[in-house]
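Source file: start01.cif (mmCIF, C-alpha atoms)
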data_start
#
loop_
_atom_site.label_atom_id
_atom_site.label_comp_id
_atom_site.auth_asym_id
_atom_site.auth_seq_id
_atom_site.Cartn_x
_atom_site.Cartn_y
_atom_site.Cartn_z
CA MET D 1 141.54 53.00 67.41
CA SER D 2 139.53 49.91 68.00
CA ARG D 3 136.82 48.15 66.07
CA LYS D 4 133.49 47.94 67.82
CA ILE D 5 130.99 45.25 66.90
CA ARG D 6 127.78 46.76 65.55
CA VAL D 7 124.64 44.67 65.37
CA LEU D 8 121.18 45.39 64.00
CA ILE D 9 118.33 43.63 65.76
CA ALA D 10 115.12 43.74 63.77
CA LYS D 11 111.67 42.26 63.73
CA PRO D 12 110.36 41.71 60.22
CA GLY D 13 106.66 41.15 59.62
CA LEU D 14 103.58 41.73 61.63
CA ASP D 15 104.06 40.15 65.02
CA GLY D 16 104.21 42.66 67.80
CA HIS D 17 106.02 40.76 70.50
CA ASP D 18 109.53 42.01 70.94
CA ARG D 19 110.44 40.92 74.43
CA GLY D 20 112.81 38.33 73.00
CA ALA D 21 114.44 40.79 70.63
CA LYS D 22 114.92 43.26 73.48
CA VAL D 23 116.47 40.62 75.74
CA ILE D 24 118.95 39.80 72.99
CA ALA D 25 119.67 43.49 72.40
CA ARG D 26 120.46 44.01 76.07
CA ALA D 27 122.64 40.92 76.26
CA LEU D 28 124.65 42.07 73.25
CA ARG D 29 125.01 45.54 74.72
CA ASP D 30 126.23 44.02 77.96
CA ALA D 31 128.78 42.09 75.91
CA GLY D 32 130.13 45.46 74.75
CA MET D 33 128.47 45.66 71.34
CA GLU D 34 126.61 48.56 69.80
CA VAL D 35 123.09 47.39 69.08
CA ILE D 36 120.78 49.25 66.77
CA TYR D 37 117.19 48.30 67.40
CA THR D 38 114.63 49.20 64.77
CA GLY D 39 111.41 48.18 66.51
CA ILE D 40 108.55 45.98 65.38
CA ARG D 41 106.76 45.56 62.06
CA GLN D 42 109.64 46.19 59.71
CA THR D 43 109.76 45.35 56.03
CA PRO D 44 112.83 43.55 54.66
CA ASP D 45 113.61 46.73 52.72
CA GLN D 46 113.63 48.86 55.85
CA ILE D 47 115.84 46.35 57.64
CA ALA D 48 118.37 46.06 54.81
CA ASN D 49 118.60 49.83 54.38
CA ALA D 50 119.06 50.37 58.09
CA ALA D 51 121.81 47.72 58.14
CA ILE D 52 123.63 49.53 55.34
CA GLN D 53 123.25 53.05 56.74
CA GLU D 54 124.44 51.85 60.12
CA SER D 55 127.26 49.74 58.62
CA VAL D 56 126.62 46.88 61.01
CA ASN D 57 128.59 43.63 60.97
CA ILE D 58 125.60 41.43 61.44
CA VAL D 59 121.79 41.50 61.45
CA GLY D 60 119.71 39.47 63.89
CA LEU D 61 116.13 38.81 62.77
CA SER D 62 113.46 37.79 65.22
CA SER D 63 110.12 36.33 64.22
CA LEU D 64 107.41 34.66 66.23
CA SER D 65 104.62 34.79 63.67
CA GLY D 66 105.60 31.99 61.32
CA ALA D 67 106.45 34.30 58.43
CA HIS D 68 110.20 33.65 58.66
CA ASN D 69 110.37 31.50 55.51
CA GLY D 70 109.24 34.44 53.43
CA LEU D 71 110.83 37.33 55.27
CA PHE D 72 114.28 36.17 56.40
CA PRO D 73 115.53 35.19 52.91
CA LYS D 74 114.19 38.45 51.55
CA VAL D 75 116.48 40.45 53.83
CA VAL D 76 119.47 38.39 52.66
CA HIS D 77 118.38 38.86 49.07
CA ILE D 78 118.07 42.65 49.32
CA LEU D 79 121.46 42.93 51.04
CA LYS D 80 122.98 40.94 48.19
CA GLU D 81 121.24 43.14 45.61
CA LYS D 82 122.71 46.22 47.27
CA LYS D 83 126.17 44.64 47.28
CA ALA D 84 126.12 44.44 51.06
CA ASP D 85 126.26 40.69 51.48
CA ASP D 86 129.31 41.00 53.70
CA ILE D 87 126.74 41.86 56.37
CA LEU D 88 125.82 38.52 57.93
CA VAL D 89 122.26 37.57 58.84
CA PHE D 90 121.13 35.26 61.62
CA GLY D 91 117.67 34.53 62.93
CA GLY D 92 115.76 33.49 65.98
CA GLY D 93 112.29 33.09 67.40
CA ILE D 94 109.71 30.38 66.91
CA ILE D 95 111.18 28.50 63.99
CA PRO D 96 110.35 24.84 63.33
CA VAL D 97 113.43 22.62 63.02
CA ASP D 98 112.23 21.48 59.61
CA ASP D 99 112.51 25.01 58.24
CA ILE D 100 116.13 25.48 59.24
CA PRO D 101 117.85 23.75 56.30
CA GLU D 102 115.92 25.85 53.76
CA LEU D 103 116.66 29.06 55.65
CA LYS D 104 120.33 28.23 55.80
CA LYS D 105 120.34 27.46 52.11
CA ALA D 106 118.82 30.91 51.56
CA GLY D 107 121.77 32.52 53.30
CA ILE D 108 120.65 32.82 56.91
CA ARG D 109 123.88 31.86 58.65
CA GLU D 110 122.45 30.56 61.88
CA ILE D 111 119.08 30.02 63.56
CA PHE D 112 118.69 30.21 67.31
CA GLN D 113 115.67 28.45 68.69
CA PRO D 114 113.81 29.00 71.94
CA GLY D 115 116.10 27.86 74.73
CA ALA D 116 119.27 29.14 73.10
CA SER D 117 121.30 31.07 75.64
CA THR D 118 122.37 34.65 75.10
CA GLU D 119 125.95 33.46 75.64
CA ASP D 120 125.58 31.19 72.60
CA ILE D 121 124.52 34.14 70.49
CA ILE D 122 127.30 36.40 71.76
CA LYS D 123 129.85 33.68 71.10
CA TYR D 124 128.44 33.05 67.65
CA ILE D 125 128.67 36.72 66.70
CA LYS D 126 132.20 37.12 68.01
CA GLU D 127 133.40 34.05 66.17
CA ASN D 128 131.74 34.73 62.87
CA ILE D 129 132.18 38.36 62.05
CA GLN D 130 135.37 39.82 60.71
CA LEU D 131 136.59 43.08 62.14
CA GLU D 132 139.03 44.27 59.56
CA MET J 1 139.92 50.16 56.08
CA GLU J 2 139.56 51.15 52.48
CA THR J 3 140.96 53.72 50.12
CA GLY J 4 139.05 55.66 47.53
CA LEU J 5 136.09 56.06 49.85
CA ALA J 6 135.93 59.82 49.39
CA LYS J 7 135.65 59.56 45.62
CA ARG J 8 132.92 56.94 45.88
CA ILE J 9 131.01 59.05 48.40
CA LEU J 10 131.07 62.04 46.07
CA GLU J 11 129.72 59.76 43.35
CA GLY J 12 126.78 58.94 45.60
CA ASP J 13 127.85 55.57 46.98
CA ILE J 14 125.85 55.01 50.18
CA ARG J 15 127.89 52.04 51.32
CA ALA J 16 131.11 53.99 51.03
CA ALA J 17 129.60 56.74 53.15
CA SER J 18 128.51 54.44 55.95
CA ARG J 19 131.84 52.60 55.76
CA LEU J 20 133.70 55.86 56.27
CA MET J 21 131.41 56.81 59.15
CA ARG J 22 132.37 53.57 60.75
CA ASP J 23 136.08 54.19 60.24
CA ILE J 24 135.64 57.65 61.74
CA ASP J 25 133.87 56.23 64.76
CA ASP J 26 136.51 53.51 65.20
CA ARG J 27 139.30 56.07 64.77
CA ILE J 28 140.93 54.33 61.85
CA PRO J 29 143.80 56.61 60.73
CA SER J 30 142.94 56.38 57.02
CA SER J 31 139.57 57.99 57.72
CA MET J 32 141.36 61.29 58.10
CA ASP J 33 142.60 61.10 54.52
CA SER J 34 139.06 60.62 53.26
CA LEU J 35 137.87 63.52 55.38
CA LYS J 36 140.58 65.74 53.92
CA GLU J 37 139.35 64.91 50.44
CA LEU J 38 135.74 65.55 51.37
CA TYR J 39 136.24 68.83 53.20
CA PRO J 40 136.19 71.11 50.13
CA ASN J 41 132.75 69.67 49.35
CA THR J 42 131.27 70.53 52.73
CA GLY J 43 129.72 73.69 54.11
CA LYS J 44 126.58 73.53 52.01
CA ALA J 45 124.16 71.79 54.35
CA TYR J 46 121.98 73.55 56.90
CA ILE J 47 122.61 71.96 60.27
CA ILE J 48 119.96 71.69 62.95
CA GLY J 49 120.80 70.51 66.46
CA ILE J 50 118.13 69.16 68.75
CA THR J 51 118.61 68.28 72.37
CA GLY J 52 116.53 67.56 75.45
CA PRO J 53 116.06 65.08 78.25
CA PRO J 54 115.55 61.36 77.59
CA GLY J 55 111.99 60.55 76.62
CA SER J 56 111.10 64.12 75.66
CA GLY J 57 110.22 63.08 72.13
CA LYS J 58 113.24 64.29 70.15
CA SER J 59 113.23 61.40 67.70
CA THR J 60 109.51 61.73 67.08
CA ILE J 61 109.88 65.47 66.46
CA VAL J 62 112.74 64.78 64.04
CA ASP J 63 110.67 62.11 62.30
CA LYS J 64 107.83 64.57 61.70
CA MET J 65 110.13 67.38 60.60
CA VAL J 66 111.63 65.06 58.02
CA ASP J 67 108.15 64.65 56.49
CA ILE J 68 107.97 68.36 55.82
CA PHE J 69 111.56 68.67 54.53
CA ARG J 70 110.99 65.75 52.18
CA LYS J 71 107.74 67.24 50.85
CA GLU J 72 109.75 70.33 50.02
CA GLY J 73 112.17 68.14 48.10
CA LYS J 74 115.08 68.54 50.49
CA SER J 75 117.35 65.61 51.28
CA VAL J 76 118.04 64.94 54.95
CA GLY J 77 120.80 63.39 57.03
CA ILE J 78 120.25 62.49 60.65
CA VAL J 79 122.86 61.76 63.32
CA ALA J 80 121.22 60.31 66.42
CA VAL J 81 123.50 60.15 69.44
CA ASP J 82 122.79 57.81 72.35
CA PRO J 83 124.90 57.07 75.42
CA THR J 84 127.33 54.20 75.71
CA SER J 85 127.13 52.14 78.89
CA PRO J 86 130.14 53.15 80.99
CA PHE J 87 130.27 49.65 82.46
CA THR J 88 130.28 47.45 79.38
CA GLY J 89 131.20 49.79 76.54
CA GLY J 90 128.09 48.61 74.72
CA ALA J 91 125.05 50.61 73.71
CA ILE J 92 121.48 50.16 72.58
CA LEU J 93 120.72 52.71 69.91
CA GLY J 94 116.98 53.01 69.59
CA ASP J 95 116.36 56.39 68.01
CA ARG J 96 115.71 54.74 64.66
CA ILE J 97 112.55 53.13 66.01
CA ARG J 98 110.71 56.43 65.62
CA MET J 99 112.15 57.16 62.20
CA GLN J 100 112.20 53.80 60.46
CA ARG J 101 109.42 54.76 58.06
CA HIS J 102 112.01 56.93 56.34
CA ALA J 103 114.43 54.00 56.01
CA THR J 104 113.39 53.21 52.45
CA ASP J 105 113.48 56.84 51.32
CA GLU J 106 116.68 57.40 49.38
CA GLY J 107 116.62 61.06 50.31
CA VAL J 108 117.06 60.25 53.99
CA PHE J 109 120.16 58.85 55.65
CA ILE J 110 120.00 57.99 59.34
CA ARG J 111 123.04 57.15 61.42
CA SER J 112 123.03 56.13 65.08
CA LEU J 113 126.08 57.06 67.08
CA ALA J 114 127.11 55.92 70.54
CA THR J 115 128.95 58.33 72.82
CA ARG J 116 131.68 55.72 73.49
CA GLY J 117 133.30 57.97 76.05
CA ASN J 118 136.77 57.95 74.54
CA LEU J 119 138.95 60.98 75.07
CA GLY J 120 137.51 64.10 73.53
CA GLY J 121 135.69 61.80 71.19
CA LEU J 122 132.07 62.60 70.78
CA SER J 123 132.06 66.05 69.29
CA ARG J 124 134.83 65.08 66.92
CA SER J 125 133.08 61.96 65.60
CA THR J 126 129.79 63.79 65.28
CA GLN J 127 131.33 66.73 63.46
CA ASP J 128 133.18 64.37 61.11
CA ILE J 129 130.04 62.38 60.37
CA VAL J 130 128.11 65.60 59.74
CA ASN J 131 130.85 66.51 57.26
CA VAL J 132 130.41 63.20 55.45
CA MET J 133 126.65 63.79 55.16
CA ASP J 134 127.35 67.34 53.99
CA ALA J 135 129.65 66.00 51.28
CA MET J 136 126.97 63.45 50.34
CA GLY J 137 124.92 66.49 49.38
CA LYS J 138 122.31 66.41 52.13
CA ASP J 139 120.44 69.71 52.20
CA ILE J 140 119.59 69.46 55.87
CA ILE J 141 121.43 67.62 58.62
CA ILE J 142 119.81 67.06 61.97
CA VAL J 143 121.93 66.14 64.99
CA GLU J 144 120.00 64.72 67.91
CA THR J 145 121.57 64.33 71.37
CA VAL J 146 120.45 63.77 74.92
CA GLY J 147 120.88 67.11 76.64
CA VAL J 148 123.23 66.05 79.36
CA GLY J 149 126.96 66.51 79.44
CA GLN J 150 129.17 69.17 77.96
CA ASP J 151 129.94 67.31 74.76
CA GLU J 152 126.30 66.87 73.85
CA VAL J 153 125.57 70.53 74.44
CA GLU J 154 128.59 71.60 72.42
CA ILE J 155 127.57 69.49 69.46
CA VAL J 156 124.20 71.13 69.30
CA ASN J 157 125.74 74.53 69.79
CA THR J 158 127.73 74.23 66.58
CA ALA J 159 124.54 73.81 64.53
CA HIS J 160 123.06 76.68 62.53
CA THR J 161 119.85 76.36 64.50
CA SER J 162 119.76 74.77 67.96
CA ILE J 163 116.52 73.43 69.34
CA VAL J 164 115.92 72.56 72.98
CA VAL J 165 113.03 70.24 73.83
CA LEU J 166 111.24 70.32 77.17
CA VAL J 167 108.27 68.36 78.46
CA PRO J 168 105.86 68.88 81.32
CA GLY J 169 106.11 66.82 84.45
CA MET J 170 109.80 67.07 85.14
CA GLY J 171 109.58 69.18 88.28
CA ASP J 172 111.58 72.36 88.59
CA ASP J 173 113.73 71.31 85.71
CA ILE J 174 113.86 74.60 83.91
CA GLN J 175 115.56 76.35 86.77
CA ALA J 176 117.95 73.45 87.09
CA ILE J 177 118.94 73.11 83.48
CA LYS J 178 118.86 76.74 82.45
CA ALA J 179 122.52 77.15 83.21
CA GLY J 180 123.41 74.37 80.81
CA ILE J 181 121.18 74.41 77.83
CA ILE J 182 118.76 77.29 77.93
CA GLU J 183 121.43 79.63 76.57
CA ILE J 184 122.07 77.57 73.49
CA GLY J 185 118.47 77.31 72.32
CA ASP J 186 117.53 79.31 69.24
CA LEU J 187 114.12 77.67 69.37
CA PHE J 188 112.33 75.93 72.20
CA ILE J 189 109.76 73.19 72.12
CA VAL J 190 107.35 72.21 74.84
CA ASN J 191 106.46 68.76 73.59
CA LYS J 192 103.63 66.56 74.88
CA CYS J 193 101.80 69.86 75.30
CA GLU J 194 98.48 68.09 75.85
CA ARG J 195 99.77 67.01 79.25
CA GLU J 196 99.09 68.73 82.49
CA GLY J 197 101.67 71.32 83.38
CA ALA J 198 102.56 72.30 79.82
CA GLU J 199 101.44 75.89 80.37
CA LYS J 200 103.60 76.14 83.45
CA VAL J 201 106.65 74.89 81.59
CA GLU J 202 106.00 77.43 78.87
CA ARG J 203 105.48 80.24 81.39
CA ASP J 204 108.62 79.37 83.34
CA LEU J 205 110.63 79.09 80.18
CA ARG J 206 109.39 82.43 78.91
CA MET J 207 110.38 84.02 82.17
CA VAL J 208 113.87 82.52 82.11
CA LEU J 209 114.31 83.65 78.52
CA GLU J 210 113.19 87.17 79.29
CA MET J 211 115.62 87.36 82.16
CA GLY J 212 118.46 86.18 79.95
CA ARG J 213 120.73 88.53 78.10
CA LYS J 214 119.65 90.05 74.83
CA ARG J 215 121.17 88.52 71.73
CA GLU J 216 123.31 90.65 69.51
CA ASP J 217 121.42 89.59 66.41
CA GLY J 218 118.13 90.63 68.00
CA TRP J 219 116.70 87.14 67.70
CA GLU J 220 114.21 86.31 70.41
CA PRO J 221 113.97 82.54 70.81
CA PRO J 222 110.38 81.47 70.20
CA ILE J 223 108.62 78.66 72.08
CA PHE J 224 106.62 76.10 70.16
CA LYS J 225 104.07 73.81 71.71
CA THR J 226 103.97 70.47 69.98
CA GLU J 227 102.27 67.13 70.26
CA ALA J 228 104.79 65.44 68.04
CA ILE J 229 103.24 62.00 68.05
CA LEU J 230 100.23 63.52 66.23
CA GLY J 231 102.32 65.91 64.20
CA LYS J 232 100.76 68.92 65.93
CA GLY J 233 102.85 72.08 65.91
CA ILE J 234 105.56 70.68 63.65
CA PHE J 235 104.75 72.86 60.67
CA GLU J 236 105.02 75.96 62.86
CA LEU J 237 108.32 74.64 64.20
CA VAL J 238 109.81 74.16 60.74
CA TYR J 239 108.59 77.62 59.77
CA GLY J 240 110.34 78.91 62.92
CA ILE J 241 113.58 77.28 61.81
CA TYR J 242 113.32 79.03 58.45
CA ARG J 243 112.71 82.36 60.16
CA HIS J 244 115.79 81.83 62.30
CA LYS J 245 117.78 80.93 59.20
CA GLN J 246 116.67 84.18 57.59
CA VAL J 247 117.71 86.26 60.59
CA LEU J 248 121.05 84.44 60.71
CA GLU J 249 121.73 85.12 57.06
CA GLN J 250 120.73 88.76 57.16
CA GLY J 251 123.14 89.93 59.81
CA GLN J 252 126.60 89.11 61.03
CA ALA J 253 125.32 86.20 63.08
CA LEU J 254 125.92 83.55 60.45
CA GLU J 255 129.50 84.58 59.94
CA THR J 256 130.08 84.54 63.71
CA LYS J 257 128.52 81.11 63.92
CA LEU J 258 130.59 79.70 61.07
CA ARG J 259 133.73 81.14 62.60
CA GLU J 260 132.86 79.53 65.93
CA ARG J 261 132.28 76.22 64.21
CA ALA J 262 135.56 76.43 62.30
CA LYS J 263 137.35 77.16 65.54
CA ALA J 264 135.59 74.37 67.42
CA THR J 265 136.36 71.86 64.67
CA PHE J 266 140.01 72.82 64.49
CA LEU J 267 140.43 72.69 68.26
CA GLU J 268 138.64 69.36 68.39
CA VAL J 269 140.88 67.81 65.74
CA LEU J 270 144.01 69.35 67.16
CA GLU J 271 143.19 68.19 70.64
CA THR J 272 142.45 64.60 69.70
CA GLU J 273 145.48 64.41 67.43
CA VAL J 274 147.88 65.83 70.00
CA MET J 275 146.40 63.77 72.78
CA SER J 276 146.47 60.48 70.90
CA HIS J 277 150.05 61.23 69.79
CA PHE J 278 151.21 61.61 73.38
CA ILE J 279 149.22 58.70 74.72
CA GLN J 280 150.39 56.34 71.98
CA LYS J 281 153.96 57.40 72.53
CA MET J 282 153.79 56.86 76.28
CA GLU J 283 152.10 53.51 75.76
CA LYS J 284 154.77 52.42 73.30
CA GLU J 285 157.47 53.34 75.75
CA GLY J 286 155.61 51.48 78.47
CA ARG J 287 155.41 54.62 80.58
CA TRP J 288 151.67 55.27 80.49
CA GLU J 289 150.73 52.80 83.22
CA THR J 290 153.76 53.78 85.31
CA PHE J 291 152.80 57.44 85.13
CA ILE J 292 149.22 56.75 86.12
CA ASN J 293 150.47 54.66 89.02
CA ASP J 294 152.93 57.32 90.15
CA ILE J 295 150.25 59.97 90.13
CA MET J 296 147.88 57.72 92.04
CA LYS J 297 150.48 56.88 94.68
CA ARG J 298 151.43 60.56 94.94
CA ARG J 299 155.03 59.81 93.97
CA THR J 300 154.67 62.66 91.53
CA ASP J 301 151.92 64.98 90.36
CA PRO J 302 150.07 65.26 87.04
CA TYR J 303 151.28 68.84 86.52
CA SER J 304 155.00 68.04 86.57
CA LEU J 305 154.47 64.99 84.38
CA ALA J 306 152.54 66.93 81.76
CA GLN J 307 155.28 69.57 81.65
CA LYS J 308 157.95 66.89 81.48
CA ILE J 309 156.25 65.20 78.53
CA MET J 310 155.89 68.51 76.74
CA ALA J 311 159.55 69.39 77.37
CA GLU J 312 160.68 66.02 76.00
CA GLU J 313 158.58 66.49 72.92
CA LEU J 314 160.02 69.91 72.19
CA ARG J 315 163.57 68.60 72.65
CA ASP J 316 162.91 65.70 70.24
CA ASP J 317 162.02 68.18 67.54
#
Once you've parsed the file, please lay out its structure as structure tokens.
Amino acid sequence: MSRKIRVLIAKPGLDGHDRGAKVIARALRDAGMEVIYTGIRQTPDQIANAAIQESVNIVGLSSLSGAHNGLFPKVVHILKEKKADDILVFGGGIIPVDDIPELKKAGIREIFQPGASTEDIIKYIKENIQLE
Amino acid sequence: METGLAKRILEGDIRAASRLMRDIDDRIPSSMDSLKELYPNTGKAYIIGITGPPGSGKSTIVDKMVDIFRKEGKSVGIVAVDPTSPFTGGAILGDRIRMQRHATDEGVFIRSLATRGNLGGLSRSTQDIVNVMDAMGKDIIIVETVGVGQDEVEIVNTAHTSIVVLVPGMGDDIQAIKAGIIEIGDLFIVNKCEREGAEKVERDLRMVLEMGRKREDGWEPPIFKTEAILGKGIFELVYGIYRHKQVLEQGQALETKLRERAKATFLEVLETEVMSHFIQKMEKEGRWETFINDIMKRRTDPYSLAQKIMAEELRDD
């Protein structure tokens, strides 16, 4: 018996560019994690439900369209509503530095900006989730 | 690790169900207790297995079938199996991409499963997760696997109805794969049938099927041509599943199938339990690595060691 880290990588909103999300998904796989990828144009509801059905430890949200302030907190909110707020949420993409404090206040644990290395993200996940 | 999961699952708690699925997959010992509690509540769902080569459109076909099942008011569980990387132990599970529009439908539960490659693992985990969905009250459970490897084929073979998906443009594949998966198909799909070569695939397949041995239940596996991305041919497919179900239920075939499944499940559980007992014991005694080394260096052979371990076990009792 051994606990495997399960991660959901999701793209909320309408932007269709998922190269970044796919690079992250591959890096996490190569770090030995199971990565569920849901594809582009997802609603916060779809993402939260997928996270619950897949019982992931953590959700990574990627957004390049500027809609992160609306969409990221919504995912956190729905998870909380469904009593699944033990599932952590982090984000990445094109996110202005000025937006980060608000996002963190809304429950997004960490924001990775362009230039963040995949190693940083792997390390962050390993250090912050609890495998009971 | 949590107790009381089984009770919560029977009360309809989704989180408890996915938590247990995780414990099953991670081989947490307490998961077996929950499964024991759930077992009397299983055996009600109709299980459909679907297999085929990567990229043949299995997830899209499943996605479209779910539309029809949902319109008929049936609840659906889906287990989508994807391979684990043998090098890193990680996996990218992307089957959901094609099915995410059902993610907000409470009547649909989708679970992605990685093959993980642990000893005798896959069929056991899949069967256990199917049992959880069965206990959740899902009317139909669809298990989707890539049609390579014995485990994957076996999983699909334990379904009530097994579907094999083929696509044009894969060369002489039918001849090559017929030994493995043609026999298990109750229904066949030639997907992407708008593509060149679809007729040939269908023709070849029909020939292989006609050459095959007659089934005892008299069922002749039909071939459906689909263009799943547009939903073409899916209604006919679902109707075909229902016809197969009818034939199964009329004769002895269903009973035979259920008996086979019971046997497969028991063997699967027995095998993993016995195996993990021995391995854990050898590891605890620090002999596991030594044994492996001895076998590798030809100081002894695996046959004598296996007999020795068995003899020790019997003496200990």
Item to check | Explicit residue set for the PyMOL selection byres ((chain D and resi 54-57) around 7), as a list in words | outcome: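 When the PyMOL selection byres ((chain D and resi 54-57) around 7) is applied, the selected residues are Ile5, Arg6, Val7, Leu8, Ala50, Ala51, Ile52, Gln53, Ile58, Ile87, Leu88 and Ile129 of chain D; Ser18, Arg19, Arg22, Arg111 and Ser112 of chain J.
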Checklist entry - Applied to the shown file, which residues does the PyMOL selection byres ((chain D) within 12 of (chain J)) return, written as an NGL selection string? => result :D and (1-11 or 21-57 or 78-79 or 82-87 or 131-132)
Checklist entry - Evaluating the PyMOL selection byres ((chain J and resi 241-246) around 8) on the displayed file yields which residues, as a ChimeraX atom specification? => result /J:160-161,186-187,219,237-240,247-250
Next on the checklist: Considering all atoms listed in the file, can you say which of D:Ile122, D:Ser65, D:Val75, D:Val59 comes closest to Gly16 of chain D?
Outcome noted: D:Ser65
Checklist entry - So what do you get for atom CA of Asp316 of chain J versus atom CA of Lys281 of chain J, distance-wise? => result 12.4 Å
Checklist entry - Mind pulling up the distance from atom CA of Arg8 of chain J to atom CA of Lys138 of chain J? => result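 According to the coordinates, atom CA of Lys138 of chain J and atom CA of Arg8 of chain J are separated by 15.5 Å.
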Next on the checklist: As an exercise, work out the distance from atom CA of Ile182 of chain J to atom CA of Ile163 of chain J in Å and give it to one decimal place.
Outcome noted: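 Result for atom CA of Ile182 of chain J versus atom CA of Ile163 of chain J: 9.7 Å, one decimal.
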Checklist entry - Excluding same-chain residues fewer than 2 positions from segment 223-233 of chain J, what lies within 9 Å of it counting all atoms listed in the file, as JSON, numbers by chain? => result {"J": [57, 58, 60, 61, 62, 63, 64, 65, 187, 188, 189, 190, 191, 192, 193, 194, 198, 202, 205, 206, 221, 235, 236, 237, 238, 240]}
Because some atoms of segment 32-46 of chain D are absent here, can you restore N, CA and C atoms and send them as a short mmCIF file (atom, residue, chain, number, x, y, z; two decimals), in the frame of the given file?
data_model
loop_
_atom_site.label_atom_id
_atom_site.label_comp_id
_atom_site.auth_asym_id
_atom_site.auth_seq_id
_atom_site.Cartn_x
_atom_site.Cartn_y
_atom_site.Cartn_z
N GLY D 32 129.29 44.40 75.28
CA GLY D 32 130.13 45.46 74.75
C GLY D 32 129.87 45.83 73.30
N MET D 33 128.76 45.34 72.75
CA MET D 33 128.47 45.66 71.34
C MET D 33 127.55 46.87 71.24
N GLU D 34 127.57 47.50 70.08
CA GLU D 34 126.61 48.56 69.80
C GLU D 34 125.44 47.95 69.04
N VAL D 35 124.27 48.06 69.64
CA VAL D 35 123.09 47.39 69.08
C VAL D 35 122.11 48.43 68.58
N ILE D 36 121.80 48.36 67.32
CA ILE D 36 120.78 49.25 66.77
C ILE D 36 119.49 48.46 66.72
N TYR D 37 118.47 48.99 67.39
CA TYR D 37 117.19 48.30 67.40
C TYR D 37 116.18 49.11 66.61
N THR D 38 115.50 48.44 65.68
CA THR D 38 114.63 49.20 64.77
C THR D 38 113.16 49.10 65.14
N GLY D 39 112.82 48.29 66.14
CA GLY D 39 111.41 48.18 66.51
C GLY D 39 110.67 47.14 65.71
N ILE D 40 109.36 47.05 65.98
CA ILE D 40 108.55 45.98 65.38
C ILE D 40 108.03 46.37 64.01
N ARG D 41 107.48 45.39 63.33
CA ARG D 41 106.76 45.56 62.06
C ARG D 41 107.61 46.23 60.98
N GLN D 42 108.75 45.64 60.73
CA GLN D 42 109.64 46.19 59.71
C GLN D 42 109.56 45.37 58.42
N THR D 43 109.67 46.06 57.30
CA THR D 43 109.76 45.35 56.03
C THR D 43 111.22 44.97 55.79
N PRO D 44 111.45 43.92 54.99
CA PRO D 44 112.83 43.55 54.66
C PRO D 44 113.63 44.72 54.08
N ASP D 45 112.95 45.56 53.29
CA ASP D 45 113.61 46.73 52.72
C ASP D 45 114.11 47.68 53.80
N GLN D 46 113.25 47.96 54.75
CA GLN D 46 113.63 48.86 55.85
C GLN D 46 114.82 48.29 56.61
#
